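Asker: Input file: protein_14.csv. Contents: CSV, C-alpha atoms.
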```
chain,number,residue,atom,x,y,z
F,90,MET,CA,187.0,-91.7,119.8
F,91,GLU,CA,184.1,-89.5,120.5
F,92,ARG,CA,181.4,-90.8,122.8
F,93,GLN,CA,177.8,-90.4,122.0
F,94,LEU,CA,175.7,-87.7,123.8
F,95,ILE,CA,173.4,-88.9,126.5
F,96,PRO,CA,170.5,-86.5,126.8
F,97,LEU,CA,167.8,-87.0,129.4
F,98,ALA,CA,164.6,-84.9,129.1
F,99,LEU,CA,161.6,-84.8,131.2
F,100,VAL,CA,158.6,-82.9,129.8
F,101,LEU,CA,155.7,-82.3,132.1
F,102,PRO,CA,152.8,-80.6,130.3
F,103,LEU,CA,150.3,-79.2,132.7
F,104,ALA,CA,146.8,-77.9,131.8
F,105,ALA,CA,145.9,-74.6,133.5
F,106,CYS,CA,142.7,-74.3,135.4
F,107,VAL,CA,141.6,-71.2,133.5
F,108,THR,CA,139.0,-71.5,130.7
F,109,SER,CA,138.5,-69.0,127.9
F,110,ALA,CA,134.8,-69.7,127.3
F,111,PRO,CA,131.9,-71.1,129.4
F,112,GLU,CA,131.3,-74.8,128.7
F,113,ARG,CA,128.0,-75.8,127.0
F,114,PRO,CA,126.1,-78.3,129.0
F,115,LEU,CA,125.6,-81.8,127.6
F,116,PRO,CA,122.3,-82.5,125.8
F,117,ARG,CA,119.6,-83.9,128.0
F,118,ALA,CA,119.3,-86.9,125.7
F,119,ALA,CA,122.9,-87.8,126.5
F,120,LEU,CA,122.3,-87.8,130.2
F,121,ARG,CA,119.6,-90.4,130.1
F,122,ALA,CA,120.6,-93.4,132.2
F,123,VAL,CA,121.0,-96.7,130.4
F,124,PRO,CA,121.4,-99.9,132.4
F,125,SER,CA,125.1,-100.9,132.7
F,126,PRO,CA,126.2,-104.3,131.3
F,127,ARG,CA,127.4,-105.1,134.8
F,128,ALA,CA,124.2,-103.8,136.6
F,129,THR,CA,121.6,-106.2,137.9
F,130,PRO,CA,118.2,-105.5,136.4
F,131,LYS,CA,115.5,-104.3,138.8
F,132,VAL,CA,113.0,-106.9,137.5
F,133,GLU,CA,114.1,-110.5,137.4
F,134,PRO,CA,112.1,-113.4,135.8
F,135,ALA,CA,110.2,-115.8,138.0
F,136,ARG,CA,112.0,-118.7,139.6
F,137,ASP,CA,110.8,-121.0,136.8
F,138,GLY,CA,112.4,-118.7,134.2
F,139,THR,CA,109.2,-117.2,132.9
F,140,VAL,CA,108.4,-113.6,132.5
F,141,ARG,CA,105.0,-112.7,133.9
F,142,THR,CA,104.3,-109.2,132.5
F,143,LEU,CA,105.2,-107.0,129.5
F,144,PRO,CA,107.1,-104.4,131.6
F,145,GLN,CA,109.2,-107.3,132.9
F,146,ALA,CA,110.0,-108.4,129.4
F,147,ILE,CA,110.9,-104.8,128.3
F,148,GLU,CA,113.1,-104.1,131.3
F,149,LEU,CA,115.0,-107.4,131.0
F,150,CYS,CA,115.6,-106.7,127.3
F,151,LEU,CA,116.9,-103.2,127.9
F,152,ALA,CA,119.1,-104.4,130.7
F,153,ARG,CA,120.7,-107.2,128.7
F,154,ASN,CA,120.8,-106.2,125.1
F,155,PRO,CA,124.3,-105.6,123.7
F,156,ASN,CA,123.1,-103.2,121.0
F,157,LEU,CA,122.0,-100.8,123.7
F,158,TYR,CA,125.4,-101.1,125.4
F,159,GLU,CA,127.0,-100.2,122.2
F,160,ALA,CA,124.9,-97.2,121.7
F,161,GLU,CA,125.7,-96.1,125.3
F,162,ALA,CA,129.4,-96.5,124.6
F,163,ARG,CA,129.1,-94.3,121.5
F,164,VAL,CA,127.5,-91.5,123.6
F,165,HIS,CA,130.4,-91.8,126.1
F,166,ALA,CA,132.9,-91.6,123.2
F,167,ALA,CA,131.2,-88.5,121.9
F,168,GLU,CA,131.4,-86.9,125.3
F,169,ALA,CA,135.1,-87.7,125.5
F,170,ALA,CA,135.6,-86.1,122.0
F,171,LEU,CA,133.8,-83.0,123.2
F,172,ALA,CA,136.2,-82.8,126.2
F,173,GLN,CA,139.1,-83.2,123.9
F,174,ALA,CA,137.9,-80.5,121.6
F,175,ARG,CA,137.4,-78.1,124.5
F,176,ALA,CA,140.9,-78.8,125.8
F,177,ALA,CA,142.3,-76.8,122.8
F,178,LEU,CA,141.0,-73.6,124.4
F,179,TYR,CA,142.9,-74.1,127.7
F,180,PRO,CA,146.3,-72.6,128.4
F,181,MET,CA,149.2,-75.0,128.6
F,182,VAL,CA,152.2,-74.9,130.9
F,183,GLY,CA,155.3,-77.0,130.2
F,184,ALA,CA,158.4,-77.8,132.3
F,185,GLN,CA,161.5,-79.4,130.9
F,186,LEU,CA,164.7,-80.7,132.6
F,187,SER,CA,167.7,-81.8,130.5
F,188,VAL,CA,170.8,-83.5,131.8
F,189,LEU,CA,173.8,-83.8,129.4
F,190,TRP,CA,177.1,-85.6,129.6
F,191,ALA,CA,179.5,-85.5,126.7
F,192,ASP,CA,183.2,-85.4,125.7
F,193,ALA,CA,182.9,-84.3,122.1
F,194,PRO,CA,184.9,-81.1,121.5
F,195,SER,CA,182.2,-79.3,119.5
F,196,THR,CA,179.6,-79.9,122.2
F,197,TYR,CA,182.0,-79.0,125.0
F,198,LEU,CA,183.0,-75.7,123.3
F,199,PHE,CA,179.5,-74.8,122.3
F,200,LYS,CA,178.1,-75.3,125.9
F,201,THR,CA,181.0,-73.6,127.7
F,202,ILE,CA,181.2,-70.6,125.4
F,203,ASP,CA,177.4,-70.2,125.5
F,204,ALA,CA,177.6,-70.2,129.3
F,205,GLY,CA,180.6,-67.9,129.4
F,206,ARG,CA,182.8,-70.5,131.2
F,207,LEU,CA,185.5,-71.3,128.6
F,208,ALA,CA,188.9,-71.4,130.2
F,209,PRO,CA,191.7,-69.3,128.6
F,210,ASN,CA,194.1,-72.3,128.0
F,211,THR,CA,191.5,-74.8,126.7
F,212,ASP,CA,192.8,-77.4,124.3
F,213,PHE,CA,190.3,-77.2,121.4
F,214,ASN,CA,191.2,-80.8,120.2
F,215,ASP,CA,190.8,-82.3,123.7
F,216,PRO,CA,188.8,-80.0,125.9
F,217,GLY,CA,187.7,-82.7,128.3
F,218,SER,CA,184.3,-83.9,129.3
F,219,LEU,CA,181.2,-81.9,130.1
F,220,ARG,CA,178.3,-82.3,132.5
F,221,ASN,CA,175.5,-79.9,132.0
F,222,THR,CA,172.0,-79.6,133.5
F,223,GLU,CA,169.3,-77.3,132.0
F,224,ALA,CA,165.8,-76.5,133.1
F,225,SER,CA,163.1,-74.5,131.3
F,226,LEU,CA,159.5,-73.5,131.9
F,227,GLY,CA,157.1,-72.4,129.2
F,228,ALA,CA,153.5,-71.5,128.7
F,229,SER,CA,151.2,-71.3,125.6
F,230,TRP,CA,147.7,-70.2,125.0
F,231,ASN,CA,145.8,-70.7,121.8
F,232,LEU,CA,144.1,-67.3,121.1
F,233,TRP,CA,142.8,-67.8,117.6
F,234,ARG,CA,143.1,-70.5,114.9
F,235,GLY,CA,140.6,-69.2,112.4
F,236,GLY,CA,137.6,-70.9,114.0
F,237,MET,CA,139.0,-74.4,113.9
F,238,ASP,CA,138.6,-75.0,117.6
F,239,SER,CA,135.1,-73.7,117.8
F,240,ALA,CA,134.1,-75.8,114.8
F,241,GLY,CA,135.6,-78.8,116.4
F,242,ILE,CA,133.7,-78.2,119.6
F,243,ARG,CA,130.4,-77.8,117.7
F,244,ALA,CA,131.1,-81.0,115.7
F,245,ALA,CA,131.7,-82.8,119.0
F,246,GLU,CA,128.4,-81.5,120.5
F,247,LEU,CA,126.5,-82.6,117.4
F,248,GLY,CA,128.2,-86.0,117.8
F,249,ILE,CA,126.7,-86.3,121.3
F,250,ASP,CA,123.3,-85.4,119.9
F,251,ALA,CA,123.6,-88.0,117.2
F,252,GLY,CA,124.8,-90.6,119.6
F,253,ALA,CA,121.9,-89.9,122.0
F,254,ALA,CA,119.4,-90.0,119.1
F,255,ALA,CA,120.8,-93.4,118.0
F,256,GLN,CA,120.6,-94.6,121.5
F,257,ASP,CA,116.9,-93.6,121.7
F,258,ALA,CA,116.3,-95.3,118.3
F,259,VAL,CA,117.8,-98.6,119.6
F,260,ARG,CA,115.8,-98.4,122.8
F,261,ASN,CA,112.5,-97.7,120.9
F,262,ALA,CA,113.2,-100.5,118.5
F,263,LEU,CA,113.8,-102.9,121.3
F,264,VAL,CA,110.6,-101.9,123.1
F,265,ALA,CA,108.6,-102.2,119.9
F,266,ALA,CA,110.0,-105.6,119.1
F,267,VAL,CA,109.4,-107.0,122.7
F,268,SER,CA,105.9,-105.5,122.8
F,269,SER,CA,105.1,-107.0,119.4
F,270,ALA,CA,106.4,-110.5,120.4
F,271,TRP,CA,104.5,-110.3,123.7
F,272,LEU,CA,101.2,-109.3,122.2
F,273,GLU,CA,101.6,-112.0,119.5
F,274,LEU,CA,102.2,-114.6,122.2
F,275,ARG,CA,99.2,-113.4,124.2
F,276,ALA,CA,97.0,-113.5,121.1
F,277,THR,CA,98.1,-117.1,120.3
F,278,ARG,CA,97.5,-118.2,123.8
F,279,GLU,CA,93.9,-116.8,123.8
F,280,LEU,CA,93.3,-118.2,120.3
F,281,ALA,CA,94.5,-121.6,121.5
F,282,THR,CA,92.1,-121.4,124.4
F,283,SER,CA,89.3,-120.6,122.0
F,284,ASP,CA,90.3,-123.4,119.7
F,285,ASP,CA,90.3,-125.9,122.6
F,286,ALA,CA,86.8,-124.9,123.6
F,287,ARG,CA,85.6,-125.2,120.0
F,288,VAL,CA,87.1,-128.7,119.6
F,289,ARG,CA,85.5,-129.8,122.9
F,290,THR,CA,82.1,-128.4,121.8
F,291,LEU,CA,82.3,-130.2,118.4
F,292,GLU,CA,83.3,-133.4,120.0
F,293,GLU,CA,80.3,-133.3,122.3
F,294,GLN,CA,78.0,-132.5,119.4
F,295,LEU,CA,79.5,-135.3,117.3
F,296,SER,CA,79.0,-137.8,120.2
F,297,ASP,CA,75.4,-136.7,120.6
F,298,ALA,CA,74.8,-136.9,116.8
F,299,ARG,CA,76.2,-140.4,116.6
F,300,LYS,CA,73.8,-141.5,119.5
F,301,ARG,CA,70.9,-139.9,117.7
F,302,LEU,CA,71.9,-141.6,114.4
F,303,GLU,CA,71.9,-145.0,116.2
F,304,ASN,CA,68.4,-144.2,117.5
F,305,GLY,CA,67.3,-143.1,114.0
F,306,SER,CA,66.6,-139.5,115.0
F,307,ALA,CA,69.5,-138.0,113.0
F,308,LEU,CA,70.8,-138.3,109.5
F,309,ARG,CA,74.2,-139.7,108.3
F,310,ILE,CA,74.9,-136.4,106.6
F,311,ASP,CA,74.7,-134.6,110.0
F,312,VAL,CA,77.3,-136.8,111.5
F,313,LEU,CA,79.6,-136.4,108.5
F,314,SER,CA,79.2,-132.7,108.6
F,315,LEU,CA,80.2,-132.6,112.3
F,316,GLU,CA,83.2,-134.9,111.6
F,317,VAL,CA,84.4,-132.5,108.9
F,318,ARG,CA,84.0,-129.5,111.2
F,319,LEU,CA,85.8,-131.3,114.0
F,320,ALA,CA,88.7,-132.1,111.8
F,321,GLN,CA,89.0,-128.5,110.6
F,322,ALA,CA,88.9,-127.3,114.2
F,323,GLN,CA,91.6,-129.7,115.3
F,324,GLU,CA,93.7,-128.6,112.3
F,325,ARG,CA,93.3,-125.0,113.3
F,326,ARG,CA,94.2,-125.8,116.9
F,327,THR,CA,97.4,-127.5,115.7
F,328,ARG,CA,98.4,-124.4,113.6
F,329,THR,CA,97.7,-122.2,116.6
F,330,GLU,CA,99.8,-124.3,118.9
F,331,LEU,CA,102.6,-124.3,116.4
F,332,GLY,CA,102.4,-120.5,116.1
F,333,ARG,CA,102.5,-120.2,119.9
F,334,LYS,CA,105.6,-122.3,120.1
F,335,LEU,CA,107.3,-120.2,117.4
F,336,ALA,CA,106.4,-117.1,119.3
F,337,LEU,CA,108.2,-118.4,122.3
```
Starting from the file, give its structure as structure tokens.

Answerer:
Amino acid sequence: MERQLIPLALVLPLAACVTSAPERPLPRAALRAVPSPRATPKVEPARDGTVRTLPQAIELCLARNPNLYEAEARVHAAEAALAQARAALYPMVGAQLSVLWADAPSTYLFKTIDAGRLAPNTDFNDPGSLRNTEASLGASWNLWRGGMDSAGIRAAELGIDAGAAAQDAVRNALVAAVSSAWLELRATRELATSDDARVRTLEEQLSDARKRLENGSALRIDVLSLEVRLAQAQERRTRTELGRKLAL
């Protein structure tokens, strides 16, 4: 009965340190720092949980928004793709070690004849077992592939530019959204203050008109007009307060 061959191979590819072309620096947009998801933002909200200024709100949003983390990861992936594309231009060195043990006649005869070690009185039907160790070393260098490698590098570089542009777009959209919400909140707060002052003024005028009506120095129509204006001002204040709560 023939036993199965037991090959053992160790392949050790090594990238040489020689480059065939100077590397193109990464685009500046790709080098812009984006807060890491694990980084603590420089500006924290107040102890009561409120944000005092617009720069605070913007920085907190940029430091904690997952869409910006995703855009940053896409830029890093594009940088890795560029490094992979450039690796095709580097020379490669490979080492291989093979250890073989077999008792098959065909394998025994092939290996011993190839090595020039076949004994004169060898029994071709039962030559015995064989232990053989082989080592090899090779090198390869891609010189030309019809422009495929350079095209791949250019595509990877454009991928970095596209990822950086998308990252900037996400950042700008976040800044615009936070600024819009902040300004809307400020506007509703100022409008609420104005509405409160108007309601207080109308309440004082209505109280004064009622006193004058009792004394006969004012008309009933004046009191009714002030009551209508006060009701309208109170309704407007309620809508403003609702808008402020929605803005929060």

Asker: Counting all atoms listed in the file, give me one row per residue of segment 185-298 of chain F with an atom at most 7 Å from an atom of segment 156-167 of chain F, showing the shortest contact pair and its distance in Å to one decimal, sorted by chain then residue number, as a Markdown table.

Answerer:
```
| residue | atom | partner | partner_atom | distance |
| --- | --- | --- | --- | --- |
| F:Ala245 | CA | F:Ala167 | CA | 6.4 |
| F:Gly248 | CA | F:Ala167 | CA | 5.7 |
| F:Ile249 | CA | F:Ala167 | CA | 5.0 |
| F:Gly252 | CA | F:Val164 | CA | 4.9 |
| F:Ala253 | CA | F:Val164 | CA | 6.0 |
| F:Ala255 | CA | F:Ala160 | CA | 6.7 |
| F:Gln256 | CA | F:Ala160 | CA | 5.0 |
| F:Val259 | CA | F:Leu157 | CA | 6.3 |
| F:Arg260 | CA | F:Leu157 | CA | 6.7 |
```

Asker: Report, in Å to a single decimal, how far apart atom CA of Thr290 of chain F and atom CA of Glu273 of chain F are.

Answerer: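 These two atoms are separated by 25.6 Å.
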
Asker: Within 12 Å of (141.9, -81.3, 124.6) (file coordinates; all atoms listed in the file), which protein or nucleic acid residues are there? I'd like them as number ranges by chain.

Answerer: F: 103-105, 108, 168-181, 231, 238, 241-242, 245

Asker: Atom CA of Leu308 of chain F to atom CA of Ser283 of chain F: how many Å, to one decimal?

Answerer: 28.5 Å

Asker: Show me, as a PyMOL selection string, the residues that have an atom within 12 Å of Asp212 of chain F when counting all atoms listed in the file, minus same-chain residues fewer than 5 positions from it.

Answerer: chain F and resi 194-195+197-198+207+217-218

Asker: I'd like the interatomic distance between atom CA of Thr201 of chain F and atom CA of Val182 of chain F, to a tenth of an Å.

Answerer: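 According to the coordinates, atom CA of Thr201 of chain F and atom CA of Val182 of chain F are separated by 29.0 Å.
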
Asker: So, with only C-alpha atoms as the atoms that count, which of F:Asn214, F:Arg325, F:Pro144, F:Gln185 lies closest to Ala265 of chain F?

Answerer: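 Ranked by minimum distance to Ala265 of chain F, first place goes to F:Pro144.
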
Asker: Tell me which protein, DNA and RNA residues are within 9 Å of Ala224 of chain F, counting only C-alpha atoms, leaving out same-chain ones fewer than 6 positions away, and put them as JSON, numbers by chain.

Answerer: {"F": [184, 185, 186, 187, 188]}

Asker: In file coordinates, which residues lie within 7 Å of (90.2, -127.5, 116.1) using only C-alpha atoms, given as a compact mmCIF listing (two decimals) with C-alpha atoms, keeping the file's coordinate frame?

Answerer:
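Output contents, as saved in point.txt:
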```
# COMPACT_ATOMS: atom_id res chain seq x y z
CA ASP F 284 90.30 -123.40 119.70
CA ASP F 285 90.30 -125.90 122.60
CA ARG F 287 85.60 -125.20 120.00
CA VAL F 288 87.10 -128.70 119.60
CA LEU F 319 85.80 -131.30 114.00
CA ALA F 320 88.70 -132.10 111.80
CA GLN F 321 89.00 -128.50 110.60
CA ALA F 322 88.90 -127.30 114.20
CA GLN F 323 91.60 -129.70 115.30
CA GLU F 324 93.70 -128.60 112.30
CA ARG F 325 93.30 -125.00 113.30
CA ARG F 326 94.20 -125.80 116.90
```

Asker: Nearest to Lys300 of chain F: which of F:Ala146, F:Val312, F:Ala191, F:Trp233 is it, counting only C-alpha atoms?

Answerer: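 For Lys300 of chain F, the nearest of the candidates is F:Val312.
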
Asker: I need the residue nearest Ser269 of chain F from this list: F:Ala244, F:Ile147, F:Ala228, F:Leu315. Use only C-alpha atoms for the distance.

Answerer: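 Nearest to Ser269 of chain F: F:Ile147.
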
Asker: Rebuild segment 280-303 of chain F so that it carries N, CA and C atoms, then output the result as a compact mmCIF listing (two decimals), keeping the file's coordinate frame.

Answerer:
```
# COMPACT_ATOMS: atom_id res chain seq x y z
N LEU F 280 93.91 -117.49 121.44
CA LEU F 280 93.30 -118.20 120.30
C LEU F 280 93.39 -119.73 120.57
N ALA F 281 94.46 -120.20 121.20
CA ALA F 281 94.50 -121.60 121.50
C ALA F 281 93.44 -122.02 122.51
N THR F 282 93.17 -121.16 123.48
CA THR F 282 92.10 -121.40 124.40
C THR F 282 90.74 -121.53 123.70
N SER F 283 90.53 -120.59 122.76
CA SER F 283 89.30 -120.60 122.00
C SER F 283 89.17 -121.85 121.13
N ASP F 284 90.30 -122.25 120.51
CA ASP F 284 90.30 -123.40 119.70
C ASP F 284 90.00 -124.70 120.49
N ASP F 285 90.58 -124.77 121.69
CA ASP F 285 90.30 -125.90 122.60
C ASP F 285 88.83 -126.02 122.91
N ALA F 286 88.25 -124.88 123.22
CA ALA F 286 86.80 -124.90 123.60
C ALA F 286 85.97 -125.30 122.39
N ARG F 287 86.35 -124.83 121.19
CA ARG F 287 85.60 -125.20 120.00
C ARG F 287 85.69 -126.69 119.71
N VAL F 288 86.91 -127.25 119.87
CA VAL F 288 87.10 -128.70 119.60
C VAL F 288 86.26 -129.49 120.62
N ARG F 289 86.26 -129.10 121.88
CA ARG F 289 85.50 -129.80 122.90
C ARG F 289 83.96 -129.76 122.56
N THR F 290 83.52 -128.58 122.13
CA THR F 290 82.10 -128.40 121.80
C THR F 290 81.72 -129.33 120.61
N LEU F 291 82.56 -129.35 119.57
CA LEU F 291 82.30 -130.20 118.40
C LEU F 291 82.34 -131.66 118.75
N GLU F 292 83.25 -132.04 119.63
CA GLU F 292 83.30 -133.40 120.00
C GLU F 292 82.04 -133.87 120.77
N GLU F 293 81.53 -132.98 121.62
CA GLU F 293 80.30 -133.30 122.30
C GLU F 293 79.11 -133.37 121.32
N GLN F 294 79.08 -132.43 120.36
CA GLN F 294 78.00 -132.50 119.40
C GLN F 294 78.09 -133.71 118.50
N LEU F 295 79.32 -134.10 118.12
CA LEU F 295 79.50 -135.30 117.30
C LEU F 295 79.06 -136.55 118.07
N SER F 296 79.42 -136.62 119.34
CA SER F 296 79.00 -137.80 120.20
C SER F 296 77.49 -137.84 120.26
N ASP F 297 76.87 -136.69 120.46
CA ASP F 297 75.40 -136.70 120.60
C ASP F 297 74.76 -137.05 119.22
N ALA F 298 75.35 -136.56 118.10
CA ALA F 298 74.80 -136.90 116.80
C ALA F 298 74.91 -138.37 116.47
N ARG F 299 76.00 -139.00 116.87
CA ARG F 299 76.20 -140.40 116.60
C ARG F 299 75.13 -141.25 117.44
N LYS F 300 74.86 -140.80 118.66
CA LYS F 300 73.80 -141.50 119.50
C LYS F 300 72.46 -141.35 118.80
N ARG F 301 72.19 -140.13 118.32
CA ARG F 301 70.90 -139.90 117.70
C ARG F 301 70.79 -140.70 116.37
N LEU F 302 71.95 -140.85 115.66
CA LEU F 302 71.90 -141.60 114.40
C LEU F 302 71.62 -143.10 114.74
N GLU F 303 72.16 -143.62 115.81
CA GLU F 303 71.90 -145.00 116.20
C GLU F 303 70.39 -145.18 116.56
```
